$ cat start-v2.cif   # mmCIF, N, CA and C atoms
data_target
#
loop_
_atom_site.label_atom_id
_atom_site.label_comp_id
_atom_site.auth_asym_id
_atom_site.auth_seq_id
_atom_site.Cartn_x
_atom_site.Cartn_y
_atom_site.Cartn_z
N MET C 848 -66.17 3.04 43.80
CA MET C 848 -66.11 3.76 42.57
C MET C 848 -64.69 4.32 42.32
N ILE C 849 -64.06 4.71 43.37
CA ILE C 849 -62.71 5.22 43.22
C ILE C 849 -61.79 4.09 42.76
N TYR C 850 -62.09 2.89 43.21
CA TYR C 850 -61.25 1.75 42.82
C TYR C 850 -61.37 1.48 41.33
N THR C 851 -62.56 1.66 40.81
CA THR C 851 -62.75 1.42 39.38
C THR C 851 -61.99 2.46 38.57
N HIS C 852 -62.02 3.71 39.03
CA HIS C 852 -61.27 4.76 38.33
C HIS C 852 -59.76 4.50 38.44
N LEU C 853 -59.37 4.09 39.61
CA LEU C 853 -57.97 3.78 39.83
C LEU C 853 -57.53 2.58 38.98
N ILE C 854 -58.36 1.56 38.93
CA ILE C 854 -58.06 0.38 38.12
C ILE C 854 -58.06 0.77 36.64
N ALA C 855 -59.02 1.60 36.23
CA ALA C 855 -59.07 2.04 34.84
C ALA C 855 -57.84 2.86 34.49
N ALA C 856 -57.43 3.74 35.40
CA ALA C 856 -56.23 4.55 35.16
C ALA C 856 -54.99 3.67 35.11
N LEU C 857 -54.92 2.70 36.02
CA LEU C 857 -53.80 1.79 36.03
C LEU C 857 -53.76 0.94 34.76
N LEU C 858 -54.94 0.47 34.34
CA LEU C 858 -55.04 -0.31 33.11
C LEU C 858 -54.65 0.53 31.90
N ALA C 859 -55.08 1.80 31.88
CA ALA C 859 -54.72 2.71 30.79
C ALA C 859 -53.21 2.93 30.77
N ALA C 860 -52.61 3.09 31.96
CA ALA C 860 -51.16 3.29 32.03
C ALA C 860 -50.42 2.06 31.55
N VAL C 861 -50.89 0.89 31.93
CA VAL C 861 -50.24 -0.35 31.51
C VAL C 861 -50.36 -0.53 30.01
N LEU C 862 -51.57 -0.31 29.47
CA LEU C 862 -51.77 -0.43 28.01
C LEU C 862 -50.94 0.60 27.25
N SER C 863 -50.87 1.81 27.81
CA SER C 863 -50.06 2.85 27.18
C SER C 863 -48.59 2.46 27.17
N SER C 864 -48.13 1.90 28.28
CA SER C 864 -46.72 1.47 28.35
C SER C 864 -46.45 0.33 27.38
N ILE C 865 -47.37 -0.62 27.33
CA ILE C 865 -47.20 -1.73 26.39
C ILE C 865 -47.19 -1.22 24.96
N GLY C 866 -48.09 -0.32 24.64
CA GLY C 866 -48.14 0.26 23.28
C GLY C 866 -46.87 1.02 22.95
N THR C 867 -46.41 1.82 23.92
CA THR C 867 -45.18 2.57 23.71
C THR C 867 -44.01 1.61 23.52
N TRP C 868 -43.92 0.59 24.35
CA TRP C 868 -42.86 -0.39 24.26
C TRP C 868 -42.90 -1.11 22.91
N THR C 869 -44.08 -1.46 22.43
CA THR C 869 -44.23 -2.14 21.14
C THR C 869 -43.79 -1.24 20.00
N ILE C 870 -44.20 0.01 20.03
CA ILE C 870 -43.82 0.95 18.97
C ILE C 870 -42.31 1.16 18.96
N GLN C 871 -41.71 1.31 20.15
CA GLN C 871 -40.26 1.46 20.23
C GLN C 871 -39.56 0.22 19.70
N SER C 872 -40.10 -0.94 19.98
CA SER C 872 -39.54 -2.19 19.47
C SER C 872 -39.59 -2.23 17.95
N TRP C 873 -40.73 -1.77 17.39
CA TRP C 873 -40.84 -1.73 15.92
C TRP C 873 -39.81 -0.78 15.34
N ARG C 874 -39.65 0.38 15.96
CA ARG C 874 -38.67 1.36 15.47
C ARG C 874 -37.25 0.79 15.55
N TYR C 875 -36.95 0.15 16.68
CA TYR C 875 -35.62 -0.44 16.84
C TYR C 875 -35.39 -1.52 15.79
N ASP C 876 -36.38 -2.38 15.58
CA ASP C 876 -36.27 -3.44 14.57
C ASP C 876 -36.07 -2.86 13.18
N ALA C 877 -36.78 -1.76 12.87
CA ALA C 877 -36.63 -1.12 11.56
C ALA C 877 -35.22 -0.55 11.40
N LYS C 878 -34.71 0.09 12.44
CA LYS C 878 -33.35 0.64 12.39
C LYS C 878 -32.32 -0.50 12.27
N GLU C 879 -32.54 -1.57 13.02
CA GLU C 879 -31.62 -2.71 12.97
C GLU C 879 -31.64 -3.35 11.59
N LEU C 880 -32.83 -3.46 10.98
CA LEU C 880 -32.95 -4.00 9.63
C LEU C 880 -32.23 -3.10 8.63
N GLU C 881 -32.39 -1.81 8.77
CA GLU C 881 -31.72 -0.85 7.89
C GLU C 881 -30.20 -0.98 8.02
N ARG C 882 -29.71 -1.10 9.26
CA ARG C 882 -28.28 -1.25 9.49
C ARG C 882 -27.76 -2.55 8.89
N ALA C 883 -28.52 -3.63 9.04
CA ALA C 883 -28.11 -4.92 8.49
C ALA C 883 -28.08 -4.87 6.96
N GLU C 884 -29.08 -4.23 6.34
CA GLU C 884 -29.10 -4.11 4.88
C GLU C 884 -27.92 -3.28 4.38
N LEU C 885 -27.59 -2.22 5.11
CA LEU C 885 -26.44 -1.39 4.74
C LEU C 885 -25.15 -2.20 4.86
N GLN C 886 -25.02 -3.00 5.90
CA GLN C 886 -23.83 -3.83 6.07
C GLN C 886 -23.72 -4.85 4.96
N ILE C 887 -24.84 -5.43 4.57
CA ILE C 887 -24.84 -6.41 3.47
C ILE C 887 -24.40 -5.73 2.17
N ALA C 888 -24.92 -4.53 1.92
CA ALA C 888 -24.54 -3.80 0.71
C ALA C 888 -23.05 -3.46 0.73
N LEU C 889 -22.53 -3.04 1.88
CA LEU C 889 -21.09 -2.73 1.99
C LEU C 889 -20.24 -3.98 1.79
N ASP C 890 -20.68 -5.09 2.37
CA ASP C 890 -19.94 -6.35 2.18
C ASP C 890 -19.94 -6.77 0.72
N ARG C 891 -21.08 -6.64 0.06
CA ARG C 891 -21.18 -7.00 -1.36
C ARG C 891 -20.26 -6.12 -2.20
N GLU C 892 -20.24 -4.82 -1.90
CA GLU C 892 -19.38 -3.89 -2.63
C GLU C 892 -17.90 -4.23 -2.38
N SER C 893 -17.58 -4.57 -1.15
CA SER C 893 -16.20 -4.94 -0.81
C SER C 893 -15.77 -6.19 -1.55
N ARG C 894 -16.64 -7.20 -1.61
CA ARG C 894 -16.31 -8.43 -2.33
C ARG C 894 -16.14 -8.16 -3.82
N THR C 895 -17.00 -7.30 -4.37
CA THR C 895 -16.89 -6.96 -5.79
C THR C 895 -15.55 -6.27 -6.07
N LEU C 896 -15.18 -5.33 -5.21
CA LEU C 896 -13.90 -4.63 -5.37
C LEU C 896 -12.73 -5.60 -5.24
N GLU C 897 -12.81 -6.52 -4.29
CA GLU C 897 -11.75 -7.51 -4.10
C GLU C 897 -11.63 -8.42 -5.32
N ARG C 898 -12.77 -8.85 -5.87
CA ARG C 898 -12.72 -9.68 -7.08
C ARG C 898 -12.10 -8.92 -8.24
N LYS C 899 -12.45 -7.64 -8.36
CA LYS C 899 -11.90 -6.82 -9.44
C LYS C 899 -10.38 -6.69 -9.27
N ARG C 900 -9.93 -6.42 -8.06
CA ARG C 900 -8.49 -6.30 -7.81
C ARG C 900 -7.77 -7.62 -8.07
N SER C 901 -8.38 -8.71 -7.64
CA SER C 901 -7.78 -10.03 -7.88
C SER C 901 -7.68 -10.31 -9.38
N GLN C 902 -8.73 -9.96 -10.11
CA GLN C 902 -8.71 -10.17 -11.57
C GLN C 902 -7.64 -9.30 -12.21
N ASN C 903 -7.47 -8.07 -11.73
CA ASN C 903 -6.42 -7.20 -12.26
C ASN C 903 -5.04 -7.81 -12.03
N VAL C 904 -4.83 -8.38 -10.85
CA VAL C 904 -3.54 -9.02 -10.55
C VAL C 904 -3.33 -10.23 -11.46
N ILE C 905 -4.37 -11.04 -11.62
CA ILE C 905 -4.25 -12.22 -12.49
C ILE C 905 -3.95 -11.80 -13.92
N ASP C 906 -4.66 -10.77 -14.41
CA ASP C 906 -4.42 -10.29 -15.77
C ASP C 906 -2.99 -9.76 -15.92
N ALA C 907 -2.52 -9.03 -14.90
CA ALA C 907 -1.15 -8.50 -14.96
C ALA C 907 -0.13 -9.63 -14.96
N GLN C 908 -0.37 -10.68 -14.17
CA GLN C 908 0.55 -11.81 -14.14
C GLN C 908 0.54 -12.56 -15.47
N ASN C 909 -0.63 -12.73 -16.06
CA ASN C 909 -0.71 -13.40 -17.36
C ASN C 909 0.01 -12.59 -18.44
N SER C 910 -0.18 -11.28 -18.42
CA SER C 910 0.51 -10.42 -19.38
C SER C 910 2.02 -10.49 -19.18
N ALA C 911 2.45 -10.54 -17.93
CA ALA C 911 3.89 -10.63 -17.64
C ALA C 911 4.46 -11.94 -18.17
N ARG C 912 3.70 -13.03 -18.03
CA ARG C 912 4.19 -14.32 -18.58
C ARG C 912 4.32 -14.26 -20.09
N VAL C 913 3.33 -13.66 -20.76
CA VAL C 913 3.39 -13.54 -22.22
C VAL C 913 4.59 -12.69 -22.62
N ARG C 914 4.80 -11.56 -21.91
CA ARG C 914 5.96 -10.71 -22.22
C ARG C 914 7.27 -11.45 -21.97
N ASP C 915 7.30 -12.24 -20.89
CA ASP C 915 8.51 -12.99 -20.56
C ASP C 915 8.84 -14.00 -21.65
N VAL C 916 7.83 -14.70 -22.15
CA VAL C 916 8.05 -15.66 -23.24
C VAL C 916 8.57 -14.93 -24.48
N ALA C 917 7.95 -13.79 -24.81
CA ALA C 917 8.39 -13.03 -25.99
C ALA C 917 9.82 -12.52 -25.81
N LEU C 918 10.15 -12.06 -24.61
CA LEU C 918 11.51 -11.57 -24.36
C LEU C 918 12.53 -12.69 -24.47
N ARG C 919 12.20 -13.86 -23.93
CA ARG C 919 13.12 -14.99 -24.04
C ARG C 919 13.31 -15.40 -25.50
N ARG C 920 12.22 -15.42 -26.26
CA ARG C 920 12.30 -15.78 -27.67
C ARG C 920 13.18 -14.78 -28.41
N ASP C 921 12.95 -13.48 -28.17
CA ASP C 921 13.76 -12.45 -28.83
C ASP C 921 15.21 -12.52 -28.39
N SER C 922 15.43 -12.80 -27.11
CA SER C 922 16.79 -12.91 -26.60
C SER C 922 17.51 -14.09 -27.25
N ASP C 923 16.82 -15.22 -27.36
CA ASP C 923 17.42 -16.39 -28.00
C ASP C 923 17.74 -16.11 -29.47
N ALA C 924 16.82 -15.42 -30.16
CA ALA C 924 17.05 -15.08 -31.57
C ALA C 924 18.26 -14.15 -31.70
N ALA C 925 18.35 -13.17 -30.79
CA ALA C 925 19.48 -12.24 -30.84
C ALA C 925 20.79 -12.97 -30.54
N ARG C 926 20.75 -13.91 -29.60
CA ARG C 926 21.96 -14.68 -29.27
C ARG C 926 22.40 -15.51 -30.48
N LEU C 927 21.45 -16.14 -31.16
CA LEU C 927 21.79 -16.92 -32.35
C LEU C 927 22.39 -16.03 -33.44
N GLU C 928 21.79 -14.86 -33.62
CA GLU C 928 22.30 -13.92 -34.62
C GLU C 928 23.70 -13.46 -34.26
N SER C 929 23.91 -13.17 -32.98
CA SER C 929 25.22 -12.73 -32.51
C SER C 929 26.26 -13.83 -32.71
N ASP C 930 25.89 -15.06 -32.39
CA ASP C 930 26.82 -16.18 -32.58
C ASP C 930 27.16 -16.33 -34.06
N GLY C 931 26.17 -16.16 -34.92
CA GLY C 931 26.41 -16.26 -36.36
C GLY C 931 27.36 -15.17 -36.84
N LEU C 932 27.16 -13.94 -36.36
CA LEU C 932 28.05 -12.84 -36.74
C LEU C 932 29.47 -13.07 -36.21
N ARG C 933 29.56 -13.58 -35.01
CA ARG C 933 30.88 -13.86 -34.43
C ARG C 933 31.61 -14.90 -35.26
N ASP C 934 30.89 -15.93 -35.67
CA ASP C 934 31.50 -16.96 -36.51
C ASP C 934 31.93 -16.39 -37.86
N ASP C 935 31.07 -15.53 -38.43
CA ASP C 935 31.42 -14.91 -39.72
C ASP C 935 32.67 -14.04 -39.58
N LEU C 936 32.74 -13.25 -38.51
CA LEU C 936 33.91 -12.39 -38.31
C LEU C 936 35.17 -13.21 -38.07
N ALA C 937 35.05 -14.32 -37.35
CA ALA C 937 36.21 -15.18 -37.12
C ALA C 937 36.70 -15.78 -38.44
N ALA C 938 35.75 -16.17 -39.30
CA ALA C 938 36.13 -16.73 -40.61
C ALA C 938 36.82 -15.67 -41.45
N ILE C 939 36.29 -14.45 -41.43
CA ILE C 939 36.91 -13.36 -42.20
C ILE C 939 38.30 -13.06 -41.67
N ARG C 940 38.45 -13.04 -40.35
CA ARG C 940 39.74 -12.76 -39.75
C ARG C 940 40.78 -13.80 -40.17
N ARG C 941 40.36 -15.06 -40.27
CA ARG C 941 41.29 -16.10 -40.70
C ARG C 941 41.68 -15.92 -42.17
N GLN C 942 40.78 -15.36 -42.98
CA GLN C 942 41.04 -15.21 -44.42
C GLN C 942 41.85 -13.95 -44.73
N LEU C 943 41.87 -12.98 -43.84
CA LEU C 943 42.49 -11.68 -44.11
C LEU C 943 43.94 -11.77 -44.60
N PRO C 944 44.79 -12.55 -44.00
CA PRO C 944 46.18 -12.55 -44.47
C PRO C 944 46.33 -12.94 -45.94
N GLY C 945 45.46 -13.76 -46.48
CA GLY C 945 45.61 -14.20 -47.85
C GLY C 945 44.84 -13.36 -48.85
N LEU C 946 44.17 -12.28 -48.43
CA LEU C 946 43.34 -11.47 -49.33
C LEU C 946 44.12 -10.29 -49.89
N ALA C 947 43.64 -9.83 -51.02
CA ALA C 947 44.23 -8.64 -51.65
C ALA C 947 43.73 -7.39 -50.92
N ASP C 948 44.41 -6.26 -51.16
CA ASP C 948 44.04 -5.01 -50.49
C ASP C 948 42.59 -4.60 -50.79
N ASP C 949 42.14 -4.79 -51.99
CA ASP C 949 40.77 -4.42 -52.37
C ASP C 949 39.75 -5.25 -51.59
N ALA C 950 40.00 -6.52 -51.43
CA ALA C 950 39.08 -7.40 -50.70
C ALA C 950 39.04 -7.00 -49.23
N VAL C 951 40.19 -6.64 -48.67
CA VAL C 951 40.24 -6.22 -47.27
C VAL C 951 39.43 -4.94 -47.09
N ARG C 952 39.52 -4.02 -48.05
CA ARG C 952 38.74 -2.79 -47.98
C ARG C 952 37.24 -3.09 -48.01
N ARG C 953 36.84 -4.03 -48.88
CA ARG C 953 35.41 -4.40 -48.97
C ARG C 953 34.94 -5.01 -47.64
N TYR C 954 35.76 -5.88 -47.09
CA TYR C 954 35.40 -6.47 -45.80
C TYR C 954 35.29 -5.39 -44.71
N ALA C 955 36.24 -4.46 -44.71
CA ALA C 955 36.21 -3.37 -43.73
C ALA C 955 34.97 -2.51 -43.93
N ASP C 956 34.63 -2.26 -45.19
CA ASP C 956 33.42 -1.49 -45.50
C ASP C 956 32.17 -2.22 -45.01
N ALA C 957 32.11 -3.52 -45.29
CA ALA C 957 30.96 -4.32 -44.85
C ALA C 957 30.89 -4.35 -43.32
N ALA C 958 32.04 -4.50 -42.66
CA ALA C 958 32.06 -4.50 -41.20
C ALA C 958 31.59 -3.17 -40.64
N SER C 959 31.95 -2.08 -41.32
CA SER C 959 31.51 -0.75 -40.90
C SER C 959 29.99 -0.63 -40.99
N VAL C 960 29.40 -1.17 -42.04
CA VAL C 960 27.94 -1.14 -42.20
C VAL C 960 27.28 -1.97 -41.10
N VAL C 961 27.83 -3.16 -40.85
CA VAL C 961 27.26 -4.01 -39.80
C VAL C 961 27.38 -3.33 -38.45
N PHE C 962 28.53 -2.73 -38.18
CA PHE C 962 28.71 -2.03 -36.91
C PHE C 962 27.71 -0.88 -36.77
N SER C 963 27.51 -0.15 -37.84
CA SER C 963 26.55 0.96 -37.83
C SER C 963 25.14 0.46 -37.55
N ASP C 964 24.75 -0.66 -38.20
CA ASP C 964 23.42 -1.24 -37.96
C ASP C 964 23.28 -1.70 -36.50
N CYS C 965 24.33 -2.33 -35.99
CA CYS C 965 24.29 -2.79 -34.59
C CYS C 965 24.16 -1.60 -33.64
N SER C 966 24.91 -0.56 -33.91
CA SER C 966 24.86 0.63 -33.06
C SER C 966 23.46 1.23 -33.05
N ARG C 967 22.83 1.31 -34.22
CA ARG C 967 21.47 1.83 -34.32
C ARG C 967 20.49 0.95 -33.55
N LYS C 968 20.64 -0.35 -33.69
CA LYS C 968 19.76 -1.29 -32.97
C LYS C 968 19.93 -1.15 -31.46
N TYR C 969 21.19 -1.01 -31.00
CA TYR C 969 21.42 -0.84 -29.57
C TYR C 969 20.73 0.43 -29.06
N GLN C 970 20.75 1.49 -29.85
CA GLN C 970 20.07 2.72 -29.45
C GLN C 970 18.56 2.50 -29.38
N GLU C 971 18.00 1.75 -30.33
CA GLU C 971 16.56 1.46 -30.30
C GLU C 971 16.21 0.64 -29.07
N VAL C 972 17.04 -0.36 -28.78
CA VAL C 972 16.79 -1.20 -27.61
C VAL C 972 16.88 -0.37 -26.33
N ALA C 973 17.85 0.50 -26.24
CA ALA C 973 17.99 1.35 -25.06
C ALA C 973 16.78 2.26 -24.91
N GLY C 974 16.28 2.81 -26.02
CA GLY C 974 15.08 3.64 -25.95
C GLY C 974 13.86 2.85 -25.50
N ALA C 975 13.72 1.63 -26.02
CA ALA C 975 12.60 0.78 -25.61
C ALA C 975 12.71 0.41 -24.13
N ALA C 976 13.93 0.14 -23.67
CA ALA C 976 14.13 -0.21 -22.26
C ALA C 976 13.76 0.98 -21.37
N SER C 977 14.12 2.17 -21.79
CA SER C 977 13.75 3.36 -21.01
C SER C 977 12.24 3.51 -20.96
N GLY C 978 11.59 3.26 -22.09
CA GLY C 978 10.12 3.33 -22.13
C GLY C 978 9.50 2.30 -21.21
N HIS C 979 10.06 1.09 -21.20
CA HIS C 979 9.53 0.04 -20.31
C HIS C 979 9.75 0.41 -18.85
N ALA C 980 10.90 0.96 -18.55
CA ALA C 980 11.16 1.38 -17.17
C ALA C 980 10.17 2.45 -16.74
N SER C 981 9.84 3.34 -17.65
CA SER C 981 8.84 4.37 -17.36
C SER C 981 7.47 3.76 -17.14
N ASP C 982 7.12 2.77 -17.95
CA ASP C 982 5.83 2.08 -17.78
C ASP C 982 5.76 1.39 -16.43
N VAL C 983 6.85 0.75 -16.02
CA VAL C 983 6.89 0.07 -14.73
C VAL C 983 6.68 1.08 -13.60
N LYS C 984 7.37 2.20 -13.69
CA LYS C 984 7.22 3.24 -12.67
C LYS C 984 5.79 3.75 -12.62
N THR C 985 5.17 3.92 -13.79
CA THR C 985 3.78 4.38 -13.84
C THR C 985 2.85 3.37 -13.18
N LEU C 986 3.07 2.08 -13.46
CA LEU C 986 2.23 1.04 -12.86
C LEU C 986 2.43 0.99 -11.35
N GLU C 987 3.66 1.11 -10.92
CA GLU C 987 3.92 1.08 -9.47
C GLU C 987 3.25 2.27 -8.78
N ASP C 988 3.32 3.43 -9.42
CA ASP C 988 2.70 4.62 -8.83
C ASP C 988 1.17 4.52 -8.83
N ALA C 989 0.61 3.83 -9.83
CA ALA C 989 -0.84 3.72 -9.94
C ALA C 989 -1.42 2.58 -9.11
N TRP C 990 -0.57 1.70 -8.62
CA TRP C 990 -1.05 0.53 -7.86
C TRP C 990 -1.71 1.00 -6.57
N PRO C 991 -2.84 0.40 -6.22
CA PRO C 991 -3.53 0.81 -4.98
C PRO C 991 -2.64 0.58 -3.76
N LYS C 992 -2.67 1.55 -2.89
CA LYS C 992 -1.81 1.46 -1.70
C LYS C 992 -2.64 1.19 -0.48
#
$ encode --input "start-v2.cif" --output "C-alpha coordinates"
Amino acid sequence: MIYTHLIAALLAAVLSSIGTWTIQSWRYDAKELERAELQIALDRESRTLERKRSQNVIDAQNSARVRDVALRRDSDAARLESDGLRDDLAAIRRQLPGLADDAVRRYADAASVVFSDCSRKYQEVAGAASGHASDVKTLEDAWPK
(Lines of atoms letter the chains of each structure in order from A and count residues from 1; the text may use other names and numbers.)
(Lines give C-alpha, C1' and ligand atoms only; values in the text may rest on other atoms or scores of the structure.)
Protein backbone atom coordinates (compact mmCIF):
# COMPACT_ATOMS: atom_id res chain seq x y z
CA MET A 1 0.00 0.00 0.00
CA ILE A 2 2.84 2.35 0.71
CA TYR A 3 4.18 1.62 -2.75
CA THR A 4 0.94 2.70 -4.33
CA HIS A 5 0.99 5.97 -2.40
CA LEU A 6 4.60 6.46 -3.30
CA ILE A 7 3.93 5.67 -6.96
CA ALA A 8 0.89 7.98 -6.91
CA ALA A 9 2.96 10.77 -5.34
CA LEU A 10 5.75 10.19 -7.83
CA LEU A 11 3.26 10.17 -10.71
CA ALA A 12 1.67 13.37 -9.38
CA ALA A 13 5.12 14.99 -9.15
CA VAL A 14 5.99 13.93 -12.69
CA LEU A 15 2.65 15.16 -14.08
CA SER A 16 3.02 18.41 -12.14
CA SER A 17 6.52 18.90 -13.55
CA ILE A 18 5.36 18.15 -17.07
CA GLY A 19 2.45 20.57 -16.68
CA THR A 20 4.70 23.25 -15.25
CA TRP A 21 7.22 22.70 -18.04
CA THR A 22 4.47 22.91 -20.68
CA ILE A 23 3.03 26.12 -19.25
CA GLN A 24 6.50 27.69 -19.07
CA SER A 25 7.08 26.65 -22.68
CA TRP A 26 3.81 28.33 -23.70
CA ARG A 27 4.80 31.51 -21.85
CA TYR A 28 8.25 31.49 -23.44
CA ASP A 29 6.75 30.93 -26.90
CA ALA A 30 4.29 33.80 -26.33
CA LYS A 31 7.11 36.14 -25.25
CA GLU A 32 9.25 35.03 -28.20
CA LEU A 33 6.34 35.63 -30.58
CA GLU A 34 5.79 39.08 -29.08
CA ARG A 35 9.50 39.89 -29.48
CA ALA A 36 9.50 38.68 -33.09
CA GLU A 37 6.39 40.76 -33.92
CA LEU A 38 8.01 43.83 -32.35
CA GLN A 39 11.17 43.25 -34.38
CA ILE A 40 9.12 42.91 -37.57
CA ALA A 41 7.30 46.16 -36.79
CA LEU A 42 10.62 47.94 -36.11
CA ASP A 43 12.11 46.59 -39.34
CA ARG A 44 9.05 47.71 -41.30
CA GLU A 45 9.24 51.19 -39.75
CA SER A 46 12.97 51.37 -40.51
CA ARG A 47 12.41 50.41 -44.16
CA THR A 48 9.63 52.98 -44.46
CA LEU A 49 11.89 55.69 -43.03
CA GLU A 50 14.72 54.65 -45.35
CA ARG A 51 12.42 54.78 -48.39
CA LYS A 52 11.22 58.22 -47.33
CA ARG A 53 14.79 59.48 -46.93
CA SER A 54 15.80 57.98 -50.27
CA GLN A 55 12.81 59.64 -51.95
CA ASN A 56 13.76 62.96 -50.35
CA VAL A 57 17.29 62.63 -51.75
CA ILE A 58 15.97 61.73 -55.21
CA ASP A 59 13.55 64.68 -55.14
CA ALA A 60 16.34 67.03 -54.04
CA GLN A 61 18.61 65.77 -56.83
CA ASN A 62 15.85 66.19 -59.42
CA SER A 63 15.15 69.72 -58.20
CA ALA A 64 18.87 70.50 -58.35
CA ARG A 65 19.01 69.31 -61.98
CA VAL A 66 16.04 71.51 -62.90
CA ARG A 67 17.65 74.50 -61.15
CA ASP A 68 20.96 73.76 -62.87
CA VAL A 69 19.30 73.75 -66.31
CA ALA A 70 17.51 77.03 -65.52
CA LEU A 71 20.74 78.61 -64.26
CA ARG A 72 22.64 77.56 -67.37
CA ARG A 73 19.87 78.89 -69.60
CA ASP A 74 19.84 82.22 -67.72
CA SER A 75 23.63 82.37 -67.76
CA ASP A 76 23.71 81.78 -71.51
CA ALA A 77 21.04 84.45 -72.06
CA ALA A 78 23.00 86.92 -69.91
CA ARG A 79 26.21 86.11 -71.80
CA LEU A 80 24.47 86.73 -75.13
CA GLU A 81 23.06 90.02 -73.84
CA SER A 82 26.47 91.05 -72.53
CA ASP A 83 28.12 90.21 -75.85
CA GLY A 84 25.49 92.26 -77.65
CA LEU A 85 26.07 95.25 -75.36
CA ARG A 86 29.82 94.94 -75.78
CA ASP A 87 29.43 94.96 -79.56
CA ASP A 88 27.10 97.97 -79.37
CA LEU A 89 29.57 99.88 -77.17
CA ALA A 90 32.46 99.02 -79.50
CA ALA A 91 30.45 100.32 -82.47
CA ILE A 92 29.61 103.53 -80.61
CA ARG A 93 33.24 103.98 -79.61
CA ARG A 94 34.30 103.71 -83.25
CA GLN A 95 31.69 106.34 -84.24
CA LEU A 96 32.53 108.85 -81.48
CA PRO A 97 35.28 110.77 -83.28
CA GLY A 98 32.97 111.65 -86.17
CA LEU A 99 29.94 112.68 -84.05
CA ALA A 100 28.81 116.12 -83.02
CA ASP A 101 28.90 117.20 -79.35
CA ASP A 102 25.13 116.77 -78.97
CA ALA A 103 25.25 113.18 -80.25
CA VAL A 104 28.11 112.37 -77.88
CA ARG A 105 26.05 113.73 -74.98
CA ARG A 106 23.08 111.55 -76.00
CA TYR A 107 25.30 108.49 -76.20
CA ALA A 108 26.80 109.32 -72.79
CA ASP A 109 23.29 109.78 -71.39
CA ALA A 110 22.17 106.45 -72.85
CA ALA A 111 25.30 104.74 -71.50
CA SER A 112 24.56 106.21 -68.07
CA VAL A 113 21.04 104.72 -68.16
CA VAL A 114 22.38 101.33 -69.25
CA PHE A 115 25.03 101.43 -66.53
CA SER A 116 22.39 102.31 -63.94
CA ASP A 117 20.18 99.41 -65.08
CA CYS A 118 23.14 97.02 -64.96
CA SER A 119 24.08 98.21 -61.49
CA ARG A 120 20.51 97.64 -60.27
CA LYS A 121 20.44 94.16 -61.81
CA TYR A 122 23.76 93.27 -60.19
CA GLN A 123 22.32 94.29 -56.81
CA GLU A 124 19.25 92.10 -57.43
CA VAL A 125 21.44 89.16 -58.42
CA ALA A 126 23.61 89.64 -55.33
CA GLY A 127 20.50 89.69 -53.13
CA ALA A 128 19.17 86.53 -54.76
CA ALA A 129 22.56 84.82 -54.34
CA SER A 130 22.57 85.71 -50.64
CA GLY A 131 19.07 84.26 -50.33
CA HIS A 132 20.17 81.07 -52.06
CA ALA A 133 23.20 80.78 -49.81
CA SER A 134 20.89 81.12 -46.82
CA ASP A 135 18.60 78.41 -48.23
CA VAL A 136 21.57 76.09 -48.69
CA LYS A 137 22.69 76.68 -45.10
CA THR A 138 19.14 76.00 -43.88
CA LEU A 139 19.00 72.73 -45.83
CA GLU A 140 22.40 71.64 -44.56
CA ASP A 141 21.37 72.39 -40.99
CA ALA A 142 18.06 70.54 -41.42
CA TRP A 143 19.61 67.46 -43.03
CA PRO A 144 19.44 64.37 -40.80
CA LYS A 145 22.71 63.69 -39.07
$ atom_distance --input "start-v2.cif" --atom1 "atom CA of C:Leu986" --atom2 "atom CA of C:Ala924"
28.8 Å
$ closest_residue --input "start-v2.cif" --among "C:Arg882, C:Thr851, C:Ser872, C:Ala925" --to "C:Lys968" --atoms "only C-alpha atoms"
C:Ala925
$ axis_aligned_box --input "start-v2.cif" --around "stretch 975-991 of chain C" --padding-each-side "5 Å" --output "lines of an AutoDock Vina configuration file"
center_x = 5.3
center_y = 2.2
center_z = -14.9
size_x = 27.7
size_y = 14.8
size_z = 32.3
$ atom_distance --input "start-v2.cif" --atom1 "atom CA of C:Asp923" --atom2 "atom CA of C:Gln942"
28.8 Å
$ atom_distance --input "start-v2.cif" --atom1 "atom N of C:Pro991" --atom2 "atom CA of C:Arg900"
8.9 Å
$ closest_residue --input "start-v2.cif" --among "C:Glu897, C:Asp876, C:Ala955, C:Val972" --to "C:Leu943" --atoms "only C-alpha atoms"
C:Ala955
